[in-house]
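Student: The following block contains the structure, expressed as structure tokens.
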Amino acid sequence: MADKSDFSQTEQTSPAVYNTLVTDGKVYDAYVIYQRNNLDEATEKTISDFVHGALPTVLEKYYNYKLYIPARDDLPGEDCMKLIETKIRLSRRLIYVITPGHEHGSCTEGYDVQVGLHQALVKGDTGVILIQFEDMKNYTHLPLGLQHLLKKSPPLLWREGGKPGSRFWKLLRYRMPVSSCQRDHVKKKSAGLSYKNEKRAPVMYAII
């Protein structure tokens, strides 16, 4: 999977890099997993403010990433299980928002964790970014797969009021893939170069 260094070097790299950036088959830069049920009022507000407020405001509007956020982007009448499988498969990263001391409430919320862990741990083609709201030490309430990921990569700690250039957002962007907007730019540039090369191709005349 391409990272930011791939994009920054596209001026000097081979067509293989272009292909990696624009033909990975993904649609979203990240799928956001977060708890929506069985929460107290204060925790629900904290999660909602981050997932529906700070996260899309900074990543989508400021840095041009494309996120899939359940409840915001779901369409009425869609099969929940199938929708989760499809959207996670089409995402380059999983952003998992850890809720302190809670297990996932509904079966669909538990299912997106199962599908996400399968993509990350079994297939190995989706990176996971873990975010928590307080300095937690006990993760025993989380699925074993997530506990394994926590041992490999410590979660990012979110504190309210962090501006786009703050340490939190810098670390989060470092773990994100090249954005869809940047990939589109590379794709258009690659197409433009191909067109110019075609125009410059020498015309071959047969000698009769």
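Please note that chains go A, B, ... in the order of the structure tokens, that every chain numbers its residues from 1, and that ligands are numbered from 1 in the order shown.
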Using only C-alpha atoms, determine which residues lie at most 9 Å from Val27 (chain A), disregarding the query and same-chain residues fewer than 6 positions distant; provide the list as number ranges by chain.

Tutor: A: 66, 87, 90-92, 180

Student: Taking the backbone alone, and naming residues the way the document does, which bits of region 16-56 of chain A are alpha helix (DSSP H) by DSSP, as a ChimeraX atom specification?

Tutor: /A:16-22,41-48,55-56

Student: Could you dump the residues just selected with all heavy atoms as a CSV table (one decimal), in the first residue's frame?

Tutor:
chain,number,residue,atom,x,y,z
A,16,ALA,N,4.7,2.3,-12.0
A,16,ALA,CA,4.2,1.4,-11.0
A,16,ALA,C,3.7,2.2,-9.8
A,16,ALA,O,2.7,1.8,-9.2
A,16,ALA,CB,5.3,0.4,-10.6
A,17,VAL,N,4.3,3.3,-9.4
A,17,VAL,CA,3.9,4.1,-8.3
A,17,VAL,C,2.5,4.7,-8.6
A,17,VAL,O,1.6,4.7,-7.8
A,17,VAL,CB,4.9,5.1,-7.9
A,17,VAL,CG1,4.4,6.1,-6.9
A,17,VAL,CG2,6.2,4.5,-7.4
A,18,TYR,N,2.4,5.2,-9.8
A,18,TYR,CA,1.2,5.8,-10.2
A,18,TYR,C,0.0,4.8,-10.1
A,18,TYR,O,-1.0,5.0,-9.7
A,18,TYR,CB,1.2,6.3,-11.7
A,18,TYR,CG,2.0,7.6,-11.8
A,18,TYR,CD1,3.3,7.6,-12.3
A,18,TYR,CD2,1.4,8.8,-11.6
A,18,TYR,CE1,4.0,8.8,-12.4
A,18,TYR,CE2,2.1,10.0,-11.7
A,18,TYR,CZ,3.4,10.0,-12.1
A,18,TYR,OH,4.1,11.2,-12.3
A,19,ASN,N,0.3,3.6,-10.6
A,19,ASN,CA,-0.7,2.5,-10.6
A,19,ASN,C,-1.1,2.2,-9.2
A,19,ASN,O,-2.3,1.9,-8.9
A,19,ASN,CB,-0.1,1.2,-11.3
A,19,ASN,CG,0.0,1.5,-12.8
A,19,ASN,OD1,-0.6,2.3,-13.4
A,19,ASN,ND2,0.9,0.7,-13.4
A,20,THR,N,-0.1,2.1,-8.2
A,20,THR,CA,-0.4,1.8,-6.9
A,20,THR,C,-1.3,2.9,-6.3
A,20,THR,O,-2.3,2.6,-5.5
A,20,THR,CB,0.9,1.8,-6.0
A,20,THR,OG1,1.7,0.7,-6.6
A,20,THR,CG2,0.6,1.4,-4.6
A,21,LEU,N,-1.1,4.1,-6.6
A,21,LEU,CA,-1.8,5.2,-6.0
A,21,LEU,C,-3.3,5.3,-6.6
A,21,LEU,O,-4.2,5.7,-5.8
A,21,LEU,CB,-1.1,6.6,-6.3
A,21,LEU,CG,0.1,6.8,-5.5
A,21,LEU,CD1,0.9,8.1,-6.0
A,21,LEU,CD2,-0.2,7.0,-4.0
A,22,VAL,N,-3.5,5.0,-7.8
A,22,VAL,CA,-4.8,5.3,-8.4
A,22,VAL,C,-5.6,4.1,-8.7
A,22,VAL,O,-6.7,4.2,-9.1
A,22,VAL,CB,-4.6,6.1,-9.7
A,22,VAL,CG1,-3.9,7.4,-9.4
A,22,VAL,CG2,-3.9,5.4,-10.8
A,41,GLU,N,-25.0,9.9,28.7
A,41,GLU,CA,-25.2,11.1,27.9
A,41,GLU,C,-23.9,11.8,27.7
A,41,GLU,O,-23.6,12.3,26.6
A,41,GLU,CB,-26.1,12.1,28.7
A,41,GLU,CG,-26.5,13.3,27.9
A,41,GLU,CD,-27.6,14.1,28.6
A,41,GLU,OE1,-28.2,13.6,29.5
A,41,GLU,OE2,-27.7,15.3,28.2
A,42,ALA,N,-23.0,11.9,28.7
A,42,ALA,CA,-21.7,12.6,28.6
A,42,ALA,C,-20.8,11.9,27.6
A,42,ALA,O,-20.2,12.6,26.7
A,42,ALA,CB,-21.1,12.7,30.0
A,43,THR,N,-20.7,10.6,27.7
A,43,THR,CA,-19.8,9.8,26.8
A,43,THR,C,-20.4,9.9,25.3
A,43,THR,O,-19.6,10.1,24.4
A,43,THR,CB,-19.7,8.4,27.2
A,43,THR,OG1,-19.3,8.3,28.6
A,43,THR,CG2,-18.8,7.6,26.3
A,44,GLU,N,-21.7,9.8,25.2
A,44,GLU,CA,-22.3,9.9,23.9
A,44,GLU,C,-22.0,11.2,23.2
A,44,GLU,O,-21.7,11.3,22.0
A,44,GLU,CB,-23.8,9.7,24.0
A,44,GLU,CG,-24.5,9.7,22.6
A,44,GLU,CD,-26.0,9.5,22.7
A,44,GLU,OE1,-26.5,9.4,23.9
A,44,GLU,OE2,-26.6,9.3,21.7
A,45,LYS,N,-22.0,12.3,24.0
A,45,LYS,CA,-21.7,13.6,23.4
A,45,LYS,C,-20.3,13.8,23.1
A,45,LYS,O,-19.9,14.3,22.0
A,45,LYS,CB,-22.1,14.7,24.5
A,45,LYS,CG,-21.9,16.2,23.9
A,45,LYS,CD,-22.3,17.2,24.9
A,45,LYS,CE,-22.2,18.6,24.4
A,45,LYS,NZ,-20.9,18.9,23.8
A,46,THR,N,-19.4,13.2,23.9
A,46,THR,CA,-18.0,13.3,23.6
A,46,THR,C,-17.6,12.6,22.3
A,46,THR,O,-16.9,13.1,21.5
A,46,THR,CB,-17.2,12.7,24.8
A,46,THR,OG1,-17.4,13.4,26.0
A,46,THR,CG2,-15.7,12.7,24.5
A,47,ILE,N,-18.2,11.4,22.1
A,47,ILE,CA,-17.9,10.6,20.9
A,47,ILE,C,-18.5,11.3,19.7
A,47,ILE,O,-17.9,11.4,18.7
A,47,ILE,CB,-18.5,9.2,21.1
A,47,ILE,CG1,-17.7,8.4,22.1
A,47,ILE,CG2,-18.5,8.5,19.7
A,47,ILE,CD1,-18.2,7.0,22.4
A,48,SER,N,-19.8,11.8,19.8
A,48,SER,CA,-20.5,12.5,18.7
A,48,SER,C,-19.7,13.7,18.3
A,48,SER,O,-19.5,14.0,17.1
A,48,SER,CB,-21.9,12.8,19.1
A,48,SER,OG,-22.6,13.4,18.0
A,55,LEU,N,-13.5,15.2,13.7
A,55,LEU,CA,-12.8,14.3,12.7
A,55,LEU,C,-13.1,14.7,11.3
A,55,LEU,O,-12.2,14.9,10.5
A,55,LEU,CB,-13.3,12.9,13.0
A,55,LEU,CG,-12.4,11.8,12.4
A,55,LEU,CD1,-11.0,11.8,12.9
A,55,LEU,CD2,-13.1,10.4,12.6
A,56,PRO,N,-14.4,14.8,10.9
A,56,PRO,CA,-14.6,15.2,9.5
A,56,PRO,C,-14.2,16.7,9.2
A,56,PRO,O,-13.8,17.0,8.0
A,56,PRO,CB,-16.1,15.0,9.3
A,56,PRO,CG,-16.7,15.1,10.7
A,56,PRO,CD,-15.6,14.5,11.6

Student: Per residue of region 30-56 of chain A within 10 Å of region 148-166 of chain A, what are the shortest atom pair and its distance in Å to one decimal, counting only C-alpha atoms, with rows by chain and residue number, as JSON lines?

Tutor:
{"residue": "A:Thr46", "atom": "CA", "partner": "A:Glu160", "partner_atom": "CA", "distance": 9.1}
{"residue": "A:Asp49", "atom": "CA", "partner": "A:Glu160", "partner_atom": "CA", "distance": 9.2}
{"residue": "A:Phe50", "atom": "CA", "partner": "A:Glu160", "partner_atom": "CA", "distance": 8.2}
{"residue": "A:Ala54", "atom": "CA", "partner": "A:Glu160", "partner_atom": "CA", "distance": 8.6}

Student: Just write the chosen residues, C-alpha atoms, as a tab-separated table (two decimals), in the first residue's frame.

Tutor:
chain	number	residue	atom	x	y	z
A	46	THR	CA	-17.97	13.30	23.63
A	49	ASP	CA	-18.55	15.74	18.96
A	50	PHE	CA	-15.38	14.00	17.82
A	54	ALA	CA	-13.74	17.39	14.81

Student: Could you check the closest approach to Phe133 (chain A) for each of A:Val178, A:Ile98, A:Ala120, A:Val32 and tell me which residue wins, using only C-alpha atoms?

Tutor: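 Nearest candidate to Phe133 (chain A) out of A:Val178, A:Ile98, A:Ala120, A:Val32: A:Ile98.
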
Student: Tell me which protein, DNA and RNA residues are within 8 Å of Val97 (chain A), counting only C-alpha atoms, leaving out same-chain ones fewer than 3 positions away, and put them as a PyMOL selection string.

Tutor: chain A and resi 32-35+130-132

Student: So, with only C-alpha atoms as the atoms that count, which of A:Tyr111, A:Tyr96, A:Tyr174, A:Lys61 lies closest to Lys82 (chain A)?

Tutor: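 Nearest candidate to Lys82 (chain A) out of A:Tyr111, A:Tyr96, A:Tyr174, A:Lys61: A:Tyr111.
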
Student: Find the residues around Val58 (chain A) up to 9 Å (only C-alpha atoms counted), leave out those fewer than 5 positions away in its own chain, and share them as a list in words.

Tutor: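 In the requested form, the answer reads Gly53, Tyr63, Asn64, Tyr65, Lys163, Pro164 and Trp169 of chain A.
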
Student: So the first atom is CA of Arg173 (chain A) and the second is CA of Met81 (chain A); what is the distance between them in Å, to one decimal place?

Tutor: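 Between these atoms lies a distance of 29.0 Å.
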